[in-house]
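Written out below as structure tokens is the structure these notes cover.
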Amino acid sequence: MKRTLVNLITSILLINNIKEQKKQFLIFAAMLIMTSNISIGQNAQREVSFNSSWLFINKDVCTADQSNYDDSSWRKLNLPHDWSIEDLPNQQAGQVVGPFSKKSIGKAATGWTVGGTAWYRKKFTLSPKDTGKNISIYFDGVYMNSDVWVNGRHAGYQPYGYSAFCYDITPFLNKDGKENVIAVKVRNEGKNSRWYSGSGIYRNVSLIITEPLHIQTWGVAVTTPEISAKQAKVNLQVKVTNHSEHSKSGILNTKIINSKGKVVSQSEKKYNIDAQQNGEISEQIEVQSPELWSVETPALYKAVTEILDGGKVIDRVETSFGIREIKFDGVNGFQLNGKKIILKGGCIHHDNGPLGAAAFERAEERKIEILKNSGFNAVRTSHNPPSQALLDACDRLGMLVMDEAFDMWVRPKNPEDYNLNFNEWWKKDLHAMLLRDRNHPSIIMWSIGNEIYEAPDLLGQEIGKTLADEVRKIDPTRPVTEAFVYLPGFTKKSLTAYIPHMDNIDVEGYNYFLEGSSVYFQRDSSVVNFVDRQNERQPDKTFVVTESLPFFALENYNKSLVSPYMIGSFKWTAFDYIGEAGIGKSRFKLKSRPDGSGIAGMGIFFKDEWPIFNAACGDFDLIGNKKAASYYQDVVWGISPLEILVHDAVPDGMKEAVSPWGFAEQRKSWTWPGQEGKKQLVYVYTKAQKVVLKINGKTAGEQNIAEGSVTAVFEVDYQPGIISAEGYNNGKKVYYKELKTSGEAAAIRLTADRKVLHKSSNDLAYISVEIVDKQGNLVPNIDDLEIEYKLDGNASIAGLGNGNPSDMSSFQGTSKKVFQGKGLVIIKADDSSGEVILTARANKLQESHIRIKIN
């Protein structure tokens, strides 16, 4: 060890291109290590990524759990992996090419995708230095019904597809450098989901390598019970396991490191744990002048916990956390660090568009980045625990989270859904969510369910209390919520039958309760005013709209502004998602047909319509492009002072049937070839008092904005050029926006969100594709242009996409059509450094190139 450090110091002295100050620091650090009594490097590989070099076969096979099974013909791949997003084999001539099939068991509900049974296998050999250590395998999520074998011996079964789980595989492993084989069988069979679930090992996997005496998986809990400007008290509870044959005594050392990497506090506690027993060690550490985690400044600390045995570090766990205070009450609403915050939330499903359910870290991060940049401050993980990667991104970026456990309890929504496992597995799965996620400062509420069918019954009341009490036992620092829904005509129970259940919930969540009397839900005042009556019963309680409709963004936000007990709402949904196909898509129907919109005109879901594969109800489309509902919401939230959108042309003799979960078909575009001289509806959204609309400098109309509205609607004759809107307050022009007509398509423009990727980490670059005219303006009326892509270098195309909910072509080929002039290419790095070049070509257009470096 000392010889190695001497060599290190010598090497530092020979480096010429670093500053003298930094050189002296490195030498000092090396000498400090050399003279210390604590060895290092023992647990540098405590958690090892286990994502690479798996073998996969998309069918059920016999004896694949056995070590000697011949898997030489299986496909090699890296995790995370979702087989349901891949092209289906043996498609007949004339069928749509892609992952979609009319034989899909879930049909429109799961986006016409296919599940089935498949196998994964991986071979590995342990290093000699790991002899005698404890080895566990950790899965962040496998959809669903997974069985794991190690060297032919069954390690465990996990039915719920959204839970993280970990198996101690030490007893099953071969020693002395012999090869080991892990086999995983995954069964996504039957009707088990109401949305696209994906299939397979779709989240990260790792090996956890420890000494027999070690900190348990999810064994560190961090809370911050007392916070002031001067100091914060940080409490740690550390659970330790002693798998050795002897009792162990020593020191548990914890350092608190701030966002700048500086150690700001440290504590030592003695431990004494008997052989083959577990122990729990509590510590309280003070942090002076703490940096508080908030939406605006998401400062993160790190607790580095080390077990010392005989002066040597034998285990080390790093736990990210934030110092922040949350409060909920009926007078002040929701407060973060003493500041009232209205939740501007969005519901999200777990898929990542063209990548399916595969939870790449960058894909999860980008999703939160897009929402944060558009004014969202909260997400609801509907209706299941998310990936670890998504929560990490929320911590880093300052996004609040409602973490949700289940979509159903014992009464099914589909025959083969979680109802089959609830009674046996709810506690284990609830614990998995709470223990894995409790240290994330972004999480402010735990949700125990969504639209639970048994909620108004005694059975639901009993289960709800059991779940809520279990949450409070493990984490008393956050409130428990649940999403209730009441649709007259869909239940025979009265609304008051839900009250005993609601009384056991800390923050009452309501789906669509504030949506008013409308063509959508035909609500009467007894439903709309129910939350107010609940507040009169329990004035200290808070309430949240767990699902809200796009057209009611203004009503929901205004309710939170005037009612302190209403802490905000979560839009259904923030992003388009695969499955529940078409619930947000408008239709054109004959004017003579009655009930042309709302539930009466379209049904709650467009049952089994083909070809539509995604819900089309998001503020953002499947590849992250902003949609009309989001521009409207920008004005409601005060992010934008004024927006102009133009309605799609409605065919003669037809009318638009707008879905409750959708928004009228509007675009931020003044390019409508073929509509010259025809009437066009123009929507101006603003909080200004008056709007003046001009076309090519001439006034086309003016309107005063009605009280309680942000909308002005104009019918004008379309002519190319510039359409502009001016917003006036008290006779003074205060806002201005314009749209210009684009020219003919001339070129392809490629823009990367990141031009440098990390090698060997499944890192991603998102390349936006735009069809532009000679001046570089987007041409937004191009919907059927096929773009060919060629990638040179050590990387691969992980996915292709567009925003068209009816384009059921492959996500994984080398070509894809654009929609409204836009497309997307996702590039995935491999384990080699270098440069990759993406080339995009299309008929009659100038091709485009973009370069990405991989380091």
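Residues in the structure tokens are numbered from 1 in each chain, the chains being A, B, ... in the order shown, and ligands are numbered from 1 in the order shown.
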
Discussion item. Can you tell me which residues surround Gln158 in chain A at a distance of at most 8 Å, considering only C-alpha atoms, apart from same-chain residues fewer than 3 positions away, and format the answer as a ChimeraX atom specification?
Written reply: /A:144-147,161,165

Take the residues from that selection and write them out as a PDB file, in the first residue's frame, keeping all heavy atoms.
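Final output, selection_22.pdb:
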ATOM      1  N   MET A 144     -43.301  -8.283 -15.236  1.00  0.00           N
ATOM      2  CA  MET A 144     -43.763  -8.466 -13.877  1.00  0.00           C
ATOM      3  C   MET A 144     -43.624  -9.946 -13.554  1.00  0.00           C
ATOM      4  O   MET A 144     -43.101 -10.703 -14.377  1.00  0.00           O
ATOM      5  CB  MET A 144     -45.224  -7.993 -13.723  1.00  0.00           C
ATOM      6  CG  MET A 144     -46.217  -8.673 -14.658  1.00  0.00           C
ATOM      7  SD  MET A 144     -47.929  -8.132 -14.502  1.00  0.00           S
ATOM      8  CE  MET A 144     -48.435  -8.822 -12.933  1.00  0.00           C
ATOM      9  N   ASN A 145     -44.098 -10.398 -12.397  1.00  0.00           N
ATOM     10  CA  ASN A 145     -44.047 -11.817 -12.040  1.00  0.00           C
ATOM     11  C   ASN A 145     -42.680 -12.422 -12.362  1.00  0.00           C
ATOM     12  O   ASN A 145     -42.547 -13.346 -13.161  1.00  0.00           O
ATOM     13  CB  ASN A 145     -45.139 -12.596 -12.779  1.00  0.00           C
ATOM     14  CG  ASN A 145     -46.532 -12.246 -12.295  1.00  0.00           C
ATOM     15  OD1 ASN A 145     -46.749 -12.053 -11.098  1.00  0.00           O
ATOM     16  ND2 ASN A 145     -47.471 -12.144 -13.209  1.00  0.00           N
ATOM     17  N   SER A 146     -41.656 -11.902 -11.708  1.00  0.00           N
ATOM     18  CA  SER A 146     -40.293 -12.352 -12.002  1.00  0.00           C
ATOM     19  C   SER A 146     -39.839 -13.429 -11.017  1.00  0.00           C
ATOM     20  O   SER A 146     -40.120 -13.366  -9.817  1.00  0.00           O
ATOM     21  CB  SER A 146     -39.316 -11.176 -11.941  1.00  0.00           C
ATOM     22  OG  SER A 146     -39.259 -10.647 -10.635  1.00  0.00           O
ATOM     23  N   ASP A 147     -39.163 -14.429 -11.555  1.00  0.00           N
ATOM     24  CA  ASP A 147     -38.479 -15.453 -10.763  1.00  0.00           C
ATOM     25  C   ASP A 147     -36.994 -15.368 -11.071  1.00  0.00           C
ATOM     26  O   ASP A 147     -36.595 -15.222 -12.232  1.00  0.00           O
ATOM     27  CB  ASP A 147     -38.982 -16.855 -11.115  1.00  0.00           C
ATOM     28  CG  ASP A 147     -40.348 -17.154 -10.509  1.00  0.00           C
ATOM     29  OD1 ASP A 147     -40.386 -17.496  -9.316  1.00  0.00           O
ATOM     30  OD2 ASP A 147     -41.362 -17.043 -11.226  1.00  0.00           O
ATOM     31  N   GLY A 161     -44.774  -5.435 -10.577  1.00  0.00           N
ATOM     32  CA  GLY A 161     -43.791  -5.002 -11.557  1.00  0.00           C
ATOM     33  C   GLY A 161     -43.134  -3.675 -11.289  1.00  0.00           C
ATOM     34  O   GLY A 161     -42.241  -3.272 -12.032  1.00  0.00           O
ATOM     35  N   PHE A 165     -36.487  -4.746  -5.436  1.00  0.00           N
ATOM     36  CA  PHE A 165     -36.302  -5.893  -4.550  1.00  0.00           C
ATOM     37  C   PHE A 165     -34.856  -6.353  -4.609  1.00  0.00           C
ATOM     38  O   PHE A 165     -34.124  -6.071  -5.568  1.00  0.00           O
ATOM     39  CB  PHE A 165     -37.255  -7.031  -4.912  1.00  0.00           C
ATOM     40  CG  PHE A 165     -37.177  -7.507  -6.340  1.00  0.00           C
ATOM     41  CD1 PHE A 165     -36.422  -8.623  -6.690  1.00  0.00           C
ATOM     42  CD2 PHE A 165     -37.872  -6.850  -7.343  1.00  0.00           C
ATOM     43  CE1 PHE A 165     -36.353  -9.067  -8.001  1.00  0.00           C
ATOM     44  CE2 PHE A 165     -37.812  -7.280  -8.664  1.00  0.00           C
ATOM     45  CZ  PHE A 165     -37.048  -8.394  -8.996  1.00  0.00           C
TER      46      PHE A 165
END

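Residue neighbourhood of Gly345 in chain A, excluding near-sequence residues (fewer than 2 positions): Leu343, Cys347, Phe376, Asn377, Ala378, Val379, Ser569, Phe570 and Lys571 of chain A, at 7 Å, using only C-alpha atoms.
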
Could you take the residues named above and write them with C-alpha atoms, as a PDB file, in the first residue's frame?
ATOM      1  CA  LEU A 343     -48.606  22.760  -6.344  1.00  0.00           C
ATOM      2  CA  CYS A 347     -49.414  13.257 -13.409  1.00  0.00           C
ATOM      3  CA  PHE A 376     -44.308  22.582 -13.131  1.00  0.00           C
ATOM      4  CA  ASN A 377     -43.118  22.243  -9.544  1.00  0.00           C
ATOM      5  CA  ALA A 378     -44.590  18.824  -8.738  1.00  0.00           C
ATOM      6  CA  VAL A 379     -45.254  15.404 -10.276  1.00  0.00           C
ATOM      7  CA  SER A 569     -53.587  20.256  -8.601  1.00  0.00           C
ATOM      8  CA  PHE A 570     -51.991  17.633 -10.831  1.00  0.00           C
ATOM      9  CA  LYS A 571     -52.853  17.818 -14.529  1.00  0.00           C
TER      10      LYS A 571
END

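Excluding Pro476 in chain A itself and same-chain residues fewer than 4 positions from it, the residues having an atom within 12 Å of it are Thr223, Pro225, Leu434, Arg438, Ile444, Met445, Trp446, Ala468, Asp469, Glu470, Val471, Arg472, Val480 and Asp506 of chain A, counting only C-alpha atoms.
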
Residues as selected, N, CA and C atoms, written as a compact mmCIF listing (two decimals), in the first residue's frame, can you do that?
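Saved file part.txt follows:
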# COMPACT_ATOMS: atom_id res chain seq x y z
N THR A 223 -33.53 12.02 8.67
CA THR A 223 -34.59 13.01 8.85
C THR A 223 -33.97 14.30 9.40
N PRO A 225 -35.43 16.89 11.82
CA PRO A 225 -36.57 17.30 12.64
C PRO A 225 -36.55 18.74 13.11
N LEU A 434 -41.43 2.76 0.58
CA LEU A 434 -41.11 3.68 1.68
C LEU A 434 -39.64 3.64 2.05
N ARG A 438 -37.54 7.04 1.12
CA ARG A 438 -37.80 7.96 2.23
C ARG A 438 -36.77 9.07 2.38
N ILE A 444 -42.93 14.72 -0.94
CA ILE A 444 -43.65 15.45 0.11
C ILE A 444 -44.91 14.71 0.56
N MET A 445 -45.37 13.72 -0.19
CA MET A 445 -46.57 12.96 0.18
C MET A 445 -46.43 11.52 -0.28
N TRP A 446 -47.04 10.63 0.50
CA TRP A 446 -47.17 9.22 0.09
C TRP A 446 -48.63 8.97 -0.29
N ALA A 468 -52.54 3.29 5.65
CA ALA A 468 -52.11 4.60 6.13
C ALA A 468 -51.33 4.48 7.43
N ASP A 469 -51.78 3.63 8.33
CA ASP A 469 -51.07 3.43 9.60
C ASP A 469 -49.68 2.84 9.37
N GLU A 470 -49.56 1.96 8.40
CA GLU A 470 -48.26 1.36 8.10
C GLU A 470 -47.30 2.42 7.55
N VAL A 471 -47.81 3.31 6.72
CA VAL A 471 -46.97 4.39 6.20
C VAL A 471 -46.49 5.27 7.35
N ARG A 472 -47.41 5.65 8.23
CA ARG A 472 -47.04 6.53 9.34
C ARG A 472 -46.04 5.87 10.28
N VAL A 480 -50.09 11.21 4.45
CA VAL A 480 -50.64 10.15 3.60
C VAL A 480 -51.79 10.75 2.80
N ASP A 506 -54.55 12.05 5.51
CA ASP A 506 -54.02 13.34 5.99
C ASP A 506 -54.29 14.46 5.00

Fill in: Spatial neighbours of Ser548 in chain A, 10 Å, only C-alpha atoms, chain gap at least 3 places, as a ChimeraX atom specification
/A:345-347,510-515,545,551-553,555-556,569-573,660-661

Practice prompt. Just the residues within 8 Å of range 812-816 of chain A, please, counting only C-alpha atoms, with nothing from its chain fewer than 2 positions along; format it as a ChimeraX atom specification.
Written response: /A:86-87,786-790,797-802,809-810,818,823

Writing out the chosen residues with all heavy atoms as a CSV table (one decimal), in the first residue's frame:
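File out_32.csv, as written:
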chain,number,residue,atom,x,y,z
A,86,GLU,N,-40.2,-3.3,-28.7
A,86,GLU,CA,-39.4,-3.7,-29.9
A,86,GLU,C,-40.4,-4.2,-31.0
A,86,GLU,O,-41.5,-4.6,-30.7
A,86,GLU,CB,-38.5,-4.9,-29.5
A,86,GLU,CG,-37.4,-4.4,-28.5
A,86,GLU,CD,-36.5,-5.6,-28.0
A,86,GLU,OE1,-36.9,-6.7,-28.2
A,86,GLU,OE2,-35.5,-5.3,-27.5
A,87,ASP,N,-39.9,-4.2,-32.2
A,87,ASP,CA,-40.7,-4.7,-33.3
A,87,ASP,C,-41.1,-6.1,-33.1
A,87,ASP,O,-40.3,-7.0,-32.7
A,87,ASP,CB,-39.9,-4.6,-34.6
A,87,ASP,CG,-39.6,-3.1,-35.0
A,87,ASP,OD1,-40.3,-2.2,-34.4
A,87,ASP,OD2,-38.8,-2.9,-35.9
A,786,GLU,N,-40.9,11.2,-44.6
A,786,GLU,CA,-40.0,10.1,-44.0
A,786,GLU,C,-38.6,10.6,-44.0
A,786,GLU,O,-38.0,11.0,-45.1
A,786,GLU,CB,-40.1,8.8,-44.8
A,786,GLU,CG,-39.5,7.6,-44.2
A,786,GLU,CD,-40.4,6.8,-43.4
A,786,GLU,OE1,-41.7,7.0,-43.5
A,786,GLU,OE2,-40.0,5.9,-42.7
A,787,ILE,N,-37.9,10.5,-42.9
A,787,ILE,CA,-36.5,10.9,-42.7
A,787,ILE,C,-35.7,9.6,-42.6
A,787,ILE,O,-36.0,8.8,-41.7
A,787,ILE,CB,-36.3,11.8,-41.5
A,787,ILE,CG1,-37.3,13.0,-41.5
A,787,ILE,CG2,-34.8,12.3,-41.5
A,787,ILE,CD1,-37.1,14.0,-42.6
A,788,GLU,N,-34.6,9.5,-43.3
A,788,GLU,CA,-33.7,8.4,-43.2
A,788,GLU,C,-32.5,8.8,-42.3
A,788,GLU,O,-32.0,9.9,-42.5
A,788,GLU,CB,-33.2,7.9,-44.6
A,788,GLU,CG,-34.2,7.3,-45.4
A,788,GLU,CD,-34.5,5.8,-45.0
A,788,GLU,OE1,-33.7,5.3,-44.3
A,788,GLU,OE2,-35.6,5.3,-45.5
A,789,TYR,N,-32.1,7.9,-41.4
A,789,TYR,CA,-31.0,8.3,-40.5
A,789,TYR,C,-29.9,7.3,-40.6
A,789,TYR,O,-30.1,6.1,-40.8
A,789,TYR,CB,-31.5,8.3,-39.1
A,789,TYR,CG,-32.6,9.3,-38.8
A,789,TYR,CD1,-33.9,8.8,-38.7
A,789,TYR,CD2,-32.3,10.6,-38.7
A,789,TYR,CE1,-35.0,9.7,-38.5
A,789,TYR,CE2,-33.4,11.5,-38.4
A,789,TYR,CZ,-34.7,11.1,-38.3
A,789,TYR,OH,-35.7,12.0,-38.1
A,790,LYS,N,-28.7,7.8,-40.6
A,790,LYS,CA,-27.5,7.0,-40.6
A,790,LYS,C,-26.5,7.4,-39.5
A,790,LYS,O,-26.3,8.6,-39.3
A,790,LYS,CB,-26.8,7.1,-42.0
A,790,LYS,CG,-25.5,6.3,-42.1
A,790,LYS,CD,-25.0,6.4,-43.6
A,790,LYS,CE,-23.7,5.6,-43.8
A,790,LYS,NZ,-22.5,6.1,-43.0
A,797,ILE,N,-28.7,3.9,-32.3
A,797,ILE,CA,-30.0,4.6,-32.2
A,797,ILE,C,-30.9,3.8,-31.3
A,797,ILE,O,-31.3,2.7,-31.6
A,797,ILE,CB,-30.6,4.8,-33.6
A,797,ILE,CG1,-29.7,5.7,-34.5
A,797,ILE,CG2,-32.0,5.4,-33.5
A,797,ILE,CD1,-30.3,5.9,-35.9
A,798,ALA,N,-31.2,4.4,-30.2
A,798,ALA,CA,-32.0,3.7,-29.2
A,798,ALA,C,-33.5,3.9,-29.4
A,798,ALA,O,-34.3,3.1,-29.0
A,798,ALA,CB,-31.7,4.3,-27.8
A,799,GLY,N,-33.9,4.9,-30.1
A,799,GLY,CA,-35.3,5.2,-30.4
A,799,GLY,C,-35.5,6.3,-31.4
A,799,GLY,O,-34.7,7.2,-31.5
A,800,LEU,N,-36.6,6.2,-32.2
A,800,LEU,CA,-37.0,7.2,-33.1
A,800,LEU,C,-38.5,7.5,-32.7
A,800,LEU,O,-39.2,6.6,-32.4
A,800,LEU,CB,-37.0,6.7,-34.5
A,800,LEU,CG,-35.6,6.3,-35.1
A,800,LEU,CD1,-35.8,5.7,-36.5
A,800,LEU,CD2,-34.7,7.5,-35.2
A,801,GLY,N,-38.8,8.8,-32.8
A,801,GLY,CA,-40.2,9.1,-32.5
A,801,GLY,C,-40.7,10.4,-33.1
A,801,GLY,O,-40.0,11.1,-33.8
A,802,ASN,N,-42.0,10.6,-33.0
A,802,ASN,CA,-42.7,11.8,-33.3
A,802,ASN,C,-43.9,12.0,-32.4
A,802,ASN,O,-44.2,11.1,-31.6
A,802,ASN,CB,-43.1,11.9,-34.8
A,802,ASN,CG,-44.0,10.7,-35.2
A,802,ASN,OD1,-45.0,10.4,-34.5
A,802,ASN,ND2,-43.8,10.1,-36.4
A,809,SER,N,-45.6,3.0,-36.5
A,809,SER,CA,-44.4,2.4,-37.2
A,809,SER,C,-43.4,2.1,-36.1
A,809,SER,O,-43.5,2.5,-34.9
A,809,SER,CB,-43.9,3.4,-38.2
A,809,SER,OG,-43.5,4.6,-37.7
A,810,SER,N,-42.3,1.5,-36.5
A,810,SER,CA,-41.2,1.1,-35.6
A,810,SER,C,-40.6,2.3,-34.9
A,810,SER,O,-40.4,3.4,-35.5
A,810,SER,CB,-40.2,0.3,-36.3
A,810,SER,OG,-39.1,0.0,-35.5
A,818,VAL,N,-41.9,12.6,-39.8
A,818,VAL,CA,-42.0,13.7,-38.8
A,818,VAL,C,-43.5,14.0,-38.7
A,818,VAL,O,-44.3,13.5,-39.5
A,818,VAL,CB,-41.3,15.0,-39.3
A,818,VAL,CG1,-39.8,14.8,-39.3
A,818,VAL,CG2,-41.8,15.4,-40.7
A,823,GLY,N,-39.5,15.7,-35.3
A,823,GLY,CA,-39.2,14.3,-35.0
A,823,GLY,C,-38.1,14.2,-33.9
A,823,GLY,O,-37.7,15.2,-33.4

Discussion item. Given only C-alpha atoms as the basis, pick out the residue of A:His849, A:Lys687, A:His431, A:Arg587 nearest to Gln633 in chain A.
Written reply: A:Lys687

Worksheet, complete the sentence: Restricting to only C-alpha atoms, whichever of A:Gly322, A:Pro441, A:Pro386, A:Gly310 is closest to Tyr162 in chain A is A:Pro386

Fill in: range 264-269 of chain A surroundings by only C-alpha atoms, 7 Å radius, close-in-sequence under 5 positions cut, as an MDAnalysis selection string
chainID A and resid 251:258 285:287

What does the file look like for those residues with all heavy atoms, as a PDB file, in the first residue's frame?
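Result went into part.pdb, see below:
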ATOM      1  N   ILE A 251     -16.816   1.085  15.633  1.00  0.00           N
ATOM      2  CA  ILE A 251     -17.282   2.459  15.504  1.00  0.00           C
ATOM      3  C   ILE A 251     -18.093   2.632  14.217  1.00  0.00           C
ATOM      4  O   ILE A 251     -17.701   2.131  13.160  1.00  0.00           O
ATOM      5  CB  ILE A 251     -16.088   3.449  15.479  1.00  0.00           C
ATOM      6  CG1 ILE A 251     -15.299   3.367  16.780  1.00  0.00           C
ATOM      7  CG2 ILE A 251     -16.565   4.878  15.219  1.00  0.00           C
ATOM      8  CD1 ILE A 251     -16.045   3.850  17.996  1.00  0.00           C
ATOM      9  N   LEU A 252     -19.228   3.320  14.340  1.00  0.00           N
ATOM     10  CA  LEU A 252     -19.971   3.776  13.162  1.00  0.00           C
ATOM     11  C   LEU A 252     -19.653   5.255  12.996  1.00  0.00           C
ATOM     12  O   LEU A 252     -19.965   6.080  13.874  1.00  0.00           O
ATOM     13  CB  LEU A 252     -21.473   3.574  13.341  1.00  0.00           C
ATOM     14  CG  LEU A 252     -22.317   3.970  12.126  1.00  0.00           C
ATOM     15  CD1 LEU A 252     -22.274   2.854  11.082  1.00  0.00           C
ATOM     16  CD2 LEU A 252     -23.752   4.267  12.520  1.00  0.00           C
ATOM     17  N   ASN A 253     -19.020   5.590  11.913  1.00  0.00           N
ATOM     18  CA  ASN A 253     -18.579   6.961  11.644  1.00  0.00           C
ATOM     19  C   ASN A 253     -19.427   7.562  10.527  1.00  0.00           C
ATOM     20  O   ASN A 253     -19.597   6.950   9.465  1.00  0.00           O
ATOM     21  CB  ASN A 253     -17.100   6.970  11.239  1.00  0.00           C
ATOM     22  CG  ASN A 253     -16.588   8.363  10.963  1.00  0.00           C
ATOM     23  OD1 ASN A 253     -16.772   9.260  11.772  1.00  0.00           O
ATOM     24  ND2 ASN A 253     -15.961   8.545   9.817  1.00  0.00           N
ATOM     25  N   THR A 254     -19.967   8.739  10.772  1.00  0.00           N
ATOM     26  CA  THR A 254     -20.789   9.403   9.754  1.00  0.00           C
ATOM     27  C   THR A 254     -20.281  10.820   9.514  1.00  0.00           C
ATOM     28  O   THR A 254     -20.080  11.587  10.466  1.00  0.00           O
ATOM     29  CB  THR A 254     -22.265   9.458  10.181  1.00  0.00           C
ATOM     30  OG1 THR A 254     -22.756   8.133  10.335  1.00  0.00           O
ATOM     31  CG2 THR A 254     -23.097  10.186   9.132  1.00  0.00           C
ATOM     32  N   LYS A 255     -20.086  11.144   8.263  1.00  0.00           N
ATOM     33  CA  LYS A 255     -19.714  12.494   7.845  1.00  0.00           C
ATOM     34  C   LYS A 255     -20.866  13.089   7.046  1.00  0.00           C
ATOM     35  O   LYS A 255     -21.482  12.395   6.239  1.00  0.00           O
ATOM     36  CB  LYS A 255     -18.448  12.478   6.977  1.00  0.00           C
ATOM     37  CG  LYS A 255     -17.208  11.910   7.618  1.00  0.00           C
ATOM     38  CD  LYS A 255     -16.031  12.005   6.636  1.00  0.00           C
ATOM     39  CE  LYS A 255     -14.773  11.352   7.216  1.00  0.00           C
ATOM     40  NZ  LYS A 255     -14.903   9.875   7.224  1.00  0.00           N
ATOM     41  N   ILE A 256     -21.133  14.372   7.252  1.00  0.00           N
ATOM     42  CA  ILE A 256     -22.108  15.093   6.448  1.00  0.00           C
ATOM     43  C   ILE A 256     -21.334  16.004   5.498  1.00  0.00           C
ATOM     44  O   ILE A 256     -20.516  16.823   5.934  1.00  0.00           O
ATOM     45  CB  ILE A 256     -23.061  15.925   7.311  1.00  0.00           C
ATOM     46  CG1 ILE A 256     -23.772  15.045   8.345  1.00  0.00           C
ATOM     47  CG2 ILE A 256     -24.072  16.657   6.429  1.00  0.00           C
ATOM     48  CD1 ILE A 256     -24.660  13.977   7.749  1.00  0.00           C
ATOM     49  N   ILE A 257     -21.581  15.827   4.202  1.00  0.00           N
ATOM     50  CA  ILE A 257     -20.871  16.576   3.167  1.00  0.00           C
ATOM     51  C   ILE A 257     -21.871  17.477   2.456  1.00  0.00           C
ATOM     52  O   ILE A 257     -22.947  17.030   2.047  1.00  0.00           O
ATOM     53  CB  ILE A 257     -20.195  15.618   2.174  1.00  0.00           C
ATOM     54  CG1 ILE A 257     -19.193  14.721   2.913  1.00  0.00           C
ATOM     55  CG2 ILE A 257     -19.501  16.381   1.057  1.00  0.00           C
ATOM     56  CD1 ILE A 257     -18.594  13.635   2.054  1.00  0.00           C
ATOM     57  N   ASN A 258     -21.529  18.735   2.287  1.00  0.00           N
ATOM     58  CA  ASN A 258     -22.467  19.675   1.662  1.00  0.00           C
ATOM     59  C   ASN A 258     -22.378  19.628   0.138  1.00  0.00           C
ATOM     60  O   ASN A 258     -21.627  18.823  -0.441  1.00  0.00           O
ATOM     61  CB  ASN A 258     -22.260  21.101   2.197  1.00  0.00           C
ATOM     62  CG  ASN A 258     -20.924  21.709   1.785  1.00  0.00           C
ATOM     63  OD1 ASN A 258     -20.219  21.202   0.919  1.00  0.00           O
ATOM     64  ND2 ASN A 258     -20.583  22.832   2.405  1.00  0.00           N
ATOM     65  N   ILE A 285     -26.741  14.598  14.368  1.00  0.00           N
ATOM     66  CA  ILE A 285     -25.622  15.438  13.957  1.00  0.00           C
ATOM     67  C   ILE A 285     -26.141  16.839  13.687  1.00  0.00           C
ATOM     68  O   ILE A 285     -27.204  17.017  13.083  1.00  0.00           O
ATOM     69  CB  ILE A 285     -24.951  14.869  12.686  1.00  0.00           C
ATOM     70  CG1 ILE A 285     -24.541  13.409  12.909  1.00  0.00           C
ATOM     71  CG2 ILE A 285     -23.746  15.702  12.281  1.00  0.00           C
ATOM     72  CD1 ILE A 285     -23.981  12.735  11.673  1.00  0.00           C
ATOM     73  N   GLU A 286     -25.389  17.837  14.113  1.00  0.00           N
ATOM     74  CA  GLU A 286     -25.773  19.221  13.867  1.00  0.00           C
ATOM     75  C   GLU A 286     -25.010  19.780  12.671  1.00  0.00           C
ATOM     76  O   GLU A 286     -23.812  19.563  12.531  1.00  0.00           O
ATOM     77  CB  GLU A 286     -25.497  20.070  15.111  1.00  0.00           C
ATOM     78  CG  GLU A 286     -26.404  19.725  16.282  1.00  0.00           C
ATOM     79  CD  GLU A 286     -26.183  20.631  17.475  1.00  0.00           C
ATOM     80  OE1 GLU A 286     -25.230  21.447  17.416  1.00  0.00           O
ATOM     81  OE2 GLU A 286     -26.939  20.522  18.444  1.00  0.00           O
ATOM     82  N   VAL A 287     -25.755  20.479  11.820  1.00  0.00           N
ATOM     83  CA  VAL A 287     -25.169  21.155  10.662  1.00  0.00           C
ATOM     84  C   VAL A 287     -25.380  22.644  10.847  1.00  0.00           C
ATOM     85  O   VAL A 287     -26.521  23.107  11.005  1.00  0.00           O
ATOM     86  CB  VAL A 287     -25.804  20.680   9.340  1.00  0.00           C
ATOM     87  CG1 VAL A 287     -25.273  21.478   8.163  1.00  0.00           C
ATOM     88  CG2 VAL A 287     -25.549  19.188   9.127  1.00  0.00           C
TER      89      VAL A 287
END

Item to complete: Can you list, as a PyMOL selection string, all residues belonging to range 155-364 of chain A that DSSP tags as strand (DSSP E or B)?
Response: chain A and resi 155-158+165-168+180-188+200+205-210+213-227+231-242+248-257+263-273+277-288+292-293+298+301-309+312-321+323+326-329+333-336+339-340+343-348
